[in-house]
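Engineer: As input, take protein.tsv (TSV, C-alpha atoms):
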chain	number	residue	atom	x	y	z
A	12	MET	CA	104.17	1.92	45.74
A	13	LEU	CA	102.97	1.07	42.25
A	14	LYS	CA	100.28	3.74	42.38
A	15	ARG	CA	102.82	6.30	43.55
A	16	SER	CA	105.13	5.39	40.64
A	17	ILE	CA	102.30	5.62	38.10
A	18	GLY	CA	101.23	8.98	39.50
A	19	LYS	CA	104.79	10.28	39.33
A	20	ASN	CA	105.19	9.14	35.71
A	21	ALA	CA	101.87	10.71	34.79
A	22	ALA	CA	102.95	14.01	36.33
A	23	VAL	CA	106.25	13.91	34.43
A	24	LEU	CA	104.43	13.20	31.15
A	25	ALA	CA	101.95	16.01	31.79
A	26	LEU	CA	104.80	18.42	32.51
A	27	PHE	CA	106.62	17.31	29.37
A	28	ALA	CA	103.48	17.79	27.29
A	29	LEU	CA	102.95	21.24	28.77
A	30	VAL	CA	106.54	22.30	28.05
A	31	THR	CA	106.34	20.92	24.49
A	32	ALA	CA	103.07	22.70	23.80
A	33	GLY	CA	104.48	25.94	25.15
A	34	THR	CA	107.61	25.61	23.03
A	35	LEU	CA	105.57	24.95	19.88
A	36	ALA	CA	103.32	27.93	20.60
A	37	ILE	CA	106.29	30.25	21.11
A	38	THR	CA	107.96	28.94	17.94
A	39	GLN	CA	104.78	29.50	15.93
A	40	ILE	CA	104.40	33.04	17.21
A	41	THR	CA	108.04	33.99	16.63
A	42	THR	CA	108.22	32.47	13.12
A	43	ARG	CA	104.81	33.52	11.80
A	44	GLU	CA	105.84	37.06	10.89
A	45	PRO	CA	109.11	36.10	9.12
A	46	ILE	CA	107.27	33.40	7.14
A	47	GLU	CA	104.47	35.77	6.13
A	48	ARG	CA	107.06	38.38	5.16
A	49	ALA	CA	108.97	35.84	3.04
A	50	ILE	CA	105.77	34.77	1.27
A	51	ARG	CA	104.86	38.40	0.60
A	52	GLU	CA	108.31	39.15	-0.79
A	53	ALA	CA	108.23	36.10	-3.07
A	54	SER	CA	104.77	37.06	-4.34
A	55	ALA	CA	105.88	40.64	-4.93
A	56	ARG	CA	108.91	39.49	-6.94
A	57	ALA	CA	106.71	37.36	-9.20
A	58	LEU	CA	104.34	40.27	-9.85
A	59	LEU	CA	107.16	42.75	-10.43
A	60	GLU	CA	108.74	40.46	-13.03
A	61	ILE	CA	105.59	40.99	-15.09
A	62	ILE	CA	104.87	44.65	-14.29
A	63	PRO	CA	108.02	46.47	-13.05
A	64	ILE	CA	107.76	48.96	-10.23
A	65	GLU	CA	108.30	51.94	-12.54
A	66	ARG	CA	105.00	51.12	-14.24
A	67	HIS	CA	102.80	51.61	-11.19
A	68	SER	CA	102.48	53.69	-8.03
A	69	ASN	CA	100.38	51.33	-5.90
A	70	ASP	CA	101.00	48.11	-3.98
A	71	LEU	CA	100.18	45.28	-6.39
A	72	LEU	CA	99.82	42.78	-3.57
A	73	VAL	CA	96.97	44.55	-1.82
A	74	ASP	CA	95.24	46.50	-4.60
A	75	THR	CA	93.22	43.62	-5.97
A	76	TYR	CA	89.86	42.79	-7.49
A	77	PRO	CA	88.17	39.45	-6.74
A	78	ILE	CA	87.41	37.29	-9.76
A	79	PRO	CA	83.64	36.64	-9.88
A	80	LYS	CA	82.84	32.98	-9.28
A	81	GLN	CA	81.18	32.52	-12.67
A	82	TYR	CA	84.58	33.03	-14.35
A	83	TRP	CA	86.60	30.64	-12.19
A	84	ALA	CA	86.11	27.71	-14.56
A	85	MET	CA	87.18	29.73	-17.59
A	86	LEU	CA	90.42	30.64	-15.85
A	87	GLY	CA	90.92	27.15	-14.44
A	88	LEU	CA	90.54	28.33	-10.84
A	89	LYS	CA	88.89	25.91	-8.42
A	90	GLN	CA	89.22	28.18	-5.39
A	91	GLY	CA	88.93	31.54	-7.12
A	92	GLY	CA	91.52	34.28	-6.94
A	93	ASN	CA	92.24	37.98	-7.18
A	94	ILE	CA	93.29	40.20	-10.06
A	95	ASN	CA	96.26	42.39	-9.12
A	96	LEU	CA	95.82	45.96	-10.35
A	97	ALA	CA	98.67	48.21	-11.49
A	98	ARG	CA	97.73	51.88	-11.28
A	99	GLU	CA	99.37	55.01	-12.58
A	100	SER	CA	99.86	57.90	-10.14
A	101	SER	CA	96.52	59.28	-11.36
A	102	GLY	CA	94.77	56.12	-10.19
A	103	VAL	CA	94.10	54.84	-13.71
A	104	ILE	CA	94.65	51.09	-14.08
A	105	ASP	CA	97.43	50.63	-16.63
A	106	ALA	CA	97.71	46.83	-16.46
A	107	VAL	CA	96.42	43.83	-14.53
A	108	ILE	CA	97.82	40.46	-13.50
A	109	ILE	CA	95.45	37.51	-13.59
A	110	PRO	CA	95.99	34.09	-12.01
A	111	THR	CA	95.09	31.15	-14.20
A	112	VAL	CA	95.63	27.40	-14.41
A	113	ALA	CA	96.12	25.32	-17.55
A	114	PRO	CA	94.47	22.02	-16.54
A	115	ASP	CA	95.91	19.94	-19.37
A	116	GLY	CA	99.67	20.02	-18.89
A	117	TYR	CA	101.56	16.80	-19.61
A	118	SER	CA	102.04	16.02	-15.91
A	119	GLY	CA	99.12	17.95	-14.46
A	120	PRO	CA	97.86	21.51	-13.97
A	121	ILE	CA	100.18	24.42	-14.77
A	122	GLN	CA	99.66	27.49	-12.58
A	123	MET	CA	100.41	30.86	-14.16
A	124	LEU	CA	100.19	34.61	-13.81
A	125	VAL	CA	99.27	36.55	-16.96
A	126	GLY	CA	99.80	40.30	-17.14
A	127	VAL	CA	97.58	42.21	-19.57
A	128	ASN	CA	97.97	45.87	-20.52
A	129	ARG	CA	95.07	48.26	-20.91
A	130	ASP	CA	95.35	47.98	-24.71
A	131	GLY	CA	94.83	44.22	-24.54
A	132	SER	CA	98.43	43.23	-25.16
A	133	ILE	CA	100.35	40.91	-22.87
A	134	ALA	CA	102.68	42.50	-20.34
A	135	GLY	CA	104.19	39.17	-19.39
A	136	VAL	CA	103.49	35.56	-18.43
A	137	ARG	CA	105.08	33.55	-15.63
A	138	VAL	CA	104.55	29.93	-14.61
A	139	THR	CA	104.37	29.76	-10.82
A	140	ASN	CA	103.87	26.02	-10.26
A	141	HIS	CA	103.95	22.87	-12.38
A	142	ALA	CA	105.03	19.22	-12.44
A	143	GLU	CA	106.26	19.04	-16.03
A	144	THR	CA	109.17	16.83	-17.08
A	145	PRO	CA	112.63	18.24	-16.23
A	146	GLY	CA	114.57	19.09	-19.37
A	147	LEU	CA	111.42	19.09	-21.52
A	148	GLY	CA	108.20	20.61	-20.21
A	149	ASP	CA	109.96	22.63	-17.53
A	150	LYS	CA	111.13	25.01	-20.27
A	151	VAL	CA	108.00	27.00	-19.47
A	152	GLU	CA	110.03	28.40	-16.54
A	153	VAL	CA	111.82	31.62	-17.38
A	154	LYS	CA	114.95	30.38	-15.58
A	155	LYS	CA	115.10	27.35	-17.90
A	156	SER	CA	114.20	28.98	-21.20
A	157	ASP	CA	113.13	32.31	-22.69
A	158	TRP	CA	110.14	30.64	-24.41
A	159	ILE	CA	107.64	32.18	-22.00
A	160	LEU	CA	108.87	35.66	-23.01
A	161	SER	CA	107.53	35.08	-26.54
A	162	PHE	CA	104.08	36.09	-25.25
A	163	ASN	CA	105.22	39.64	-24.47
A	164	GLY	CA	103.34	42.17	-26.59
A	165	LYS	CA	101.05	39.57	-28.13
A	166	SER	CA	97.27	40.13	-28.27
A	167	LEU	CA	94.13	38.63	-29.77
A	168	ALA	CA	94.92	40.62	-32.92
A	169	ASP	CA	98.61	39.68	-33.05
A	170	PRO	CA	98.63	36.85	-33.86
A	171	GLU	CA	95.09	36.42	-35.10
A	172	ARG	CA	92.79	34.35	-32.90
A	173	ASP	CA	93.05	31.17	-35.00
A	174	GLN	CA	96.85	31.36	-34.77
A	175	TRP	CA	96.90	31.01	-30.99
A	176	LYS	CA	98.27	27.48	-31.26
A	177	VAL	CA	101.67	25.86	-31.40
A	178	GLN	CA	103.24	25.50	-34.83
A	179	LYS	CA	102.63	21.74	-34.87
A	180	ASP	CA	98.90	22.55	-34.79
A	181	GLY	CA	99.24	25.21	-37.49
A	182	GLY	CA	99.67	28.14	-35.10
A	183	ALA	CA	102.20	30.90	-34.48
A	184	PHE	CA	103.91	29.66	-31.30
A	185	ASP	CA	106.96	27.45	-31.06
A	186	GLN	CA	106.81	24.16	-29.24
A	187	PHE	CA	109.69	22.44	-27.45
A	188	THR	CA	111.71	19.71	-29.08
A	189	GLY	CA	110.21	16.49	-27.80
A	190	ALA	CA	107.46	18.27	-25.86
A	191	THR	CA	104.31	19.63	-27.46
A	192	ILE	CA	101.63	19.03	-24.84
A	193	THR	CA	103.05	21.49	-22.30
A	194	PRO	CA	103.40	24.54	-24.60
A	195	ARG	CA	100.07	23.70	-26.22
A	196	ALA	CA	98.37	23.86	-22.81
A	197	VAL	CA	100.05	27.15	-21.90
A	198	VAL	CA	99.22	28.86	-25.21
A	199	LYS	CA	95.60	27.74	-24.97
A	200	GLN	CA	95.21	29.05	-21.42
A	201	VAL	CA	96.90	32.39	-22.09
A	202	ARG	CA	94.46	32.98	-24.92
A	203	LYS	CA	91.57	32.22	-22.54
A	204	VAL	CA	92.87	34.93	-20.23
A	205	LEU	CA	92.92	37.40	-23.13
A	206	ASP	CA	89.36	36.36	-24.03
A	207	PHE	CA	88.31	36.95	-20.41
A	208	VAL	CA	89.89	40.42	-20.36
A	209	ALA	CA	88.38	41.35	-23.73
A	210	GLU	CA	84.90	40.34	-22.53
A	211	HIS	CA	85.19	42.22	-19.22
A	212	GLN	CA	87.62	45.01	-20.07
A	213	GLN	CA	85.41	47.82	-18.78
A	214	GLU	CA	84.69	46.06	-15.49
A	215	ILE	CA	88.32	45.12	-14.85
A	216	PHE	CA	90.01	48.39	-15.79
A	217	THR	CA	87.58	50.55	-13.82
A	218	ALA	CA	87.79	48.48	-10.62
A	219	PRO	CA	87.78	50.61	-7.45
A	220	VAL	CA	90.83	50.82	-5.23
A	221	SER	CA	90.83	47.93	-2.79
A	222	GLY	CA	90.11	48.82	0.81
A	223	ARG	CA	93.39	47.13	1.74
A	224	ALA	CA	95.44	49.01	-0.81
A	225	VAL	CA	98.15	51.41	0.28
A	226	GLU	CA	100.44	53.60	-1.76
A	227	VAL	CA	103.94	52.29	-2.33
A	228	GLU	CA	106.61	54.83	-1.49
A	229	GLN	CA	109.22	55.08	-4.21
A	230	PRO	CA	111.79	57.58	-2.94
A	231	HIS	CA	114.43	56.18	-5.26
A	232	LEU	CA	112.42	57.10	-8.37
A	233	ASN	CA	111.86	60.59	-9.67
A	234	GLU	CA	108.63	61.61	-11.33
A	235	GLY	CA	109.99	61.05	-14.83
A	236	GLN	CA	111.04	57.49	-13.99
A	237	ARG	CA	107.64	56.73	-12.50
A	238	ASN	CA	106.02	57.77	-15.76
A	239	GLY	CA	108.33	55.49	-17.72
A	240	GLU	CA	110.48	58.25	-19.26
A	241	LYS	CA	113.96	57.26	-20.39
A	242	ASN	CA	117.16	59.28	-20.55
Starting from the coordinates I provided, produce the structure as structure tokens.

Structural biologist:
Amino acid sequence: MLKRSIGKNAAVLALFALVTAGTLAITQITTREPIERAIREASARALLEIIPIERHSNDLLVDTYPIPKQYWAMLGLKQGGNINLARESSGVIDAVIIPTVAPDGYSGPIQMLVGVNRDGSIAGVRVTNHAETPGLGDKVEVKKSDWILSFNGKSLADPERDQWKVQKDGGAFDQFTGATITPRAVVKQVRKVLDFVAEHQQEIFTAPVSGRAVEVEQPHLNEGQRNGEKN
């Protein structure tokens, strides 16, 4: 009787485990595509904040160039990364977006994307992840402050190289009231990205089209808009 009861319970548990495993498998399959689509859309929005769609004719997400391993440390990347390429309709690379990490934020690493134009000027900077103090260091986020927009148009010539520091250190960039370490780390790392681009400009801006790249259809834009013409 006892053996029969144990066998029955074991069968019930096995059936339960089988049903649970099947349910989890079905859930994973049905949710994988929506999750991947959501991640792709979020990534695309971040890239398009730096280089708007009217500035390129390709898919920034898939037209990429892998960062050679010897430059990972310079850019603060432990696992490497890809440079997103923005191409004109002719195929010429007009700007690039480079992932980078400032390792010396107040509360830890600060992950960023830095857009650089062909002429070496900054197209835009966005912080994508950080653990800085709310109300102080988190002003590096564009939704909290417009401080990050102060990099737009800057280059290694404007301001001069020795001015790529916060004002407290004798440089050209503002710091936050009560928070100097965070902006100092960001300014320092953005300049490293510009140094990287300056050293490898030819290699980066002549990168071949990625095998995964596909053209982005822009039916809502006319040719003049795609070329950046204004009314």

Engineer: Counting only C-alpha atoms, figure out which residue out of A:Gly102, A:Pro170, A:Gly182, A:Gly164 gets nearest to Asn69 in chain A.

Structural biologist: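 Comparing A:Gly102, A:Pro170, A:Gly182, A:Gly164 against Asn69 in chain A, the winner is A:Gly102.
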
Engineer: Could you name the residues that touch Asp206 in chain A at 12 Å or less, counting only C-alpha atoms, but leaving out those on the same chain fewer than 6 positions away, as a ChimeraX atom specification?

Structural biologist: /A:82,85-86,127,131-133,166-168,172,175,199-200,212

Engineer: Do you know which residues are at most 9 Å from Phe162 in chain A counting all atoms listed in the file, after dropping those on the same chain fewer than 5 positions away, and could you put them as a ChimeraX atom specification?

Structural biologist: /A:133-136,184,198,201

Engineer: Here is a test: counting all atoms listed in the file, which residue of A:Glu171, A:Glu60, A:Asp115, A:Glu214 is nearest to His141 in chain A?

Structural biologist: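 The closest residue to His141 in chain A is A:Asp115.
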
Engineer: Identify the residues around (96.3, 23.9, -25.3) within a radius of 10 Å, measuring from all atoms listed in the file in the coordinates stated by the file, and give them as number ranges by chain.

Structural biologist: A: 113-116, 175-177, 180, 191-203

Engineer: May I ask for the distance between CA of Phe216 in chain A and CA of Leu96 in chain A, given in Å to one decimal place?

Structural biologist: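 About the pair CA of Phe216 in chain A and CA of Leu96 in chain A: they are 8.3 Å apart.
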
Engineer: Which distance in Å separates CA of Gln122 in chain A and CA of Thr139 in chain A, to one decimal?

Structural biologist: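 Separation between CA of Gln122 in chain A and CA of Thr139 in chain A: 5.5 Å.
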
Engineer: Any idea what the distance is between CA of Asp70 in chain A and CA of Lys155 in chain A?

Structural biologist: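 About the pair CA of Asp70 in chain A and CA of Lys155 in chain A: they are 28.7 Å apart.
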
Engineer: Counting all atoms listed in the file, which of A:Ala218, A:Val153, A:Leu147, A:Leu88 gets nearest to Phe187 in chain A?

Structural biologist: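 Among the listed residues, the smallest separation from Phe187 in chain A belongs to A:Leu147.
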
Engineer: Find the spatial neighbours of Ile78 in chain A, counting all atoms listed in the file, within a cut-off of 10 Å - ignore same-chain residues fewer than 4 positions away - and output them as a list of chain:residue names.

Structural biologist: A:Tyr82, A:Trp83, A:Leu86, A:Leu88, A:Gly91, A:Gly92, A:Asn93, A:Ile94, A:Ile109, A:Pro110, A:Ile215

Engineer: Residues as selected, C-alpha atoms, written as a compact mmCIF listing (two decimals), in the frame of the given file, can you do that?

Structural biologist:
# COMPACT_ATOMS: atom_id res chain seq x y z
CA TYR A 82 84.58 33.03 -14.35
CA TRP A 83 86.60 30.64 -12.19
CA LEU A 86 90.42 30.64 -15.85
CA LEU A 88 90.54 28.33 -10.84
CA GLY A 91 88.93 31.54 -7.12
CA GLY A 92 91.52 34.28 -6.94
CA ASN A 93 92.24 37.98 -7.18
CA ILE A 94 93.29 40.20 -10.06
CA ILE A 109 95.45 37.51 -13.59
CA PRO A 110 95.99 34.09 -12.01
CA ILE A 215 88.32 45.12 -14.85

Engineer: Could you check the closest approach to Ala209 in chain A for each of A:Lys150, A:Lys179, A:Arg137, A:Arg129 and tell me which residue wins, using all atoms listed in the file?

Structural biologist: A:Arg129

Engineer: Given the choices A:Ala190, A:Ile108, A:Val125, A:Val220, which gets closest to Gly148 in chain A if the distance is worked out from only C-alpha atoms?

Structural biologist: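 Of all the options, A:Ala190 lies closest to Gly148 in chain A.
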
Engineer: Can you work out which one of A:Ser118, A:Asn128, A:Gln178, A:Ser156 has the shortest atom-to-atom distance to Val103 in chain A, counting only C-alpha atoms?

Structural biologist: A:Asn128
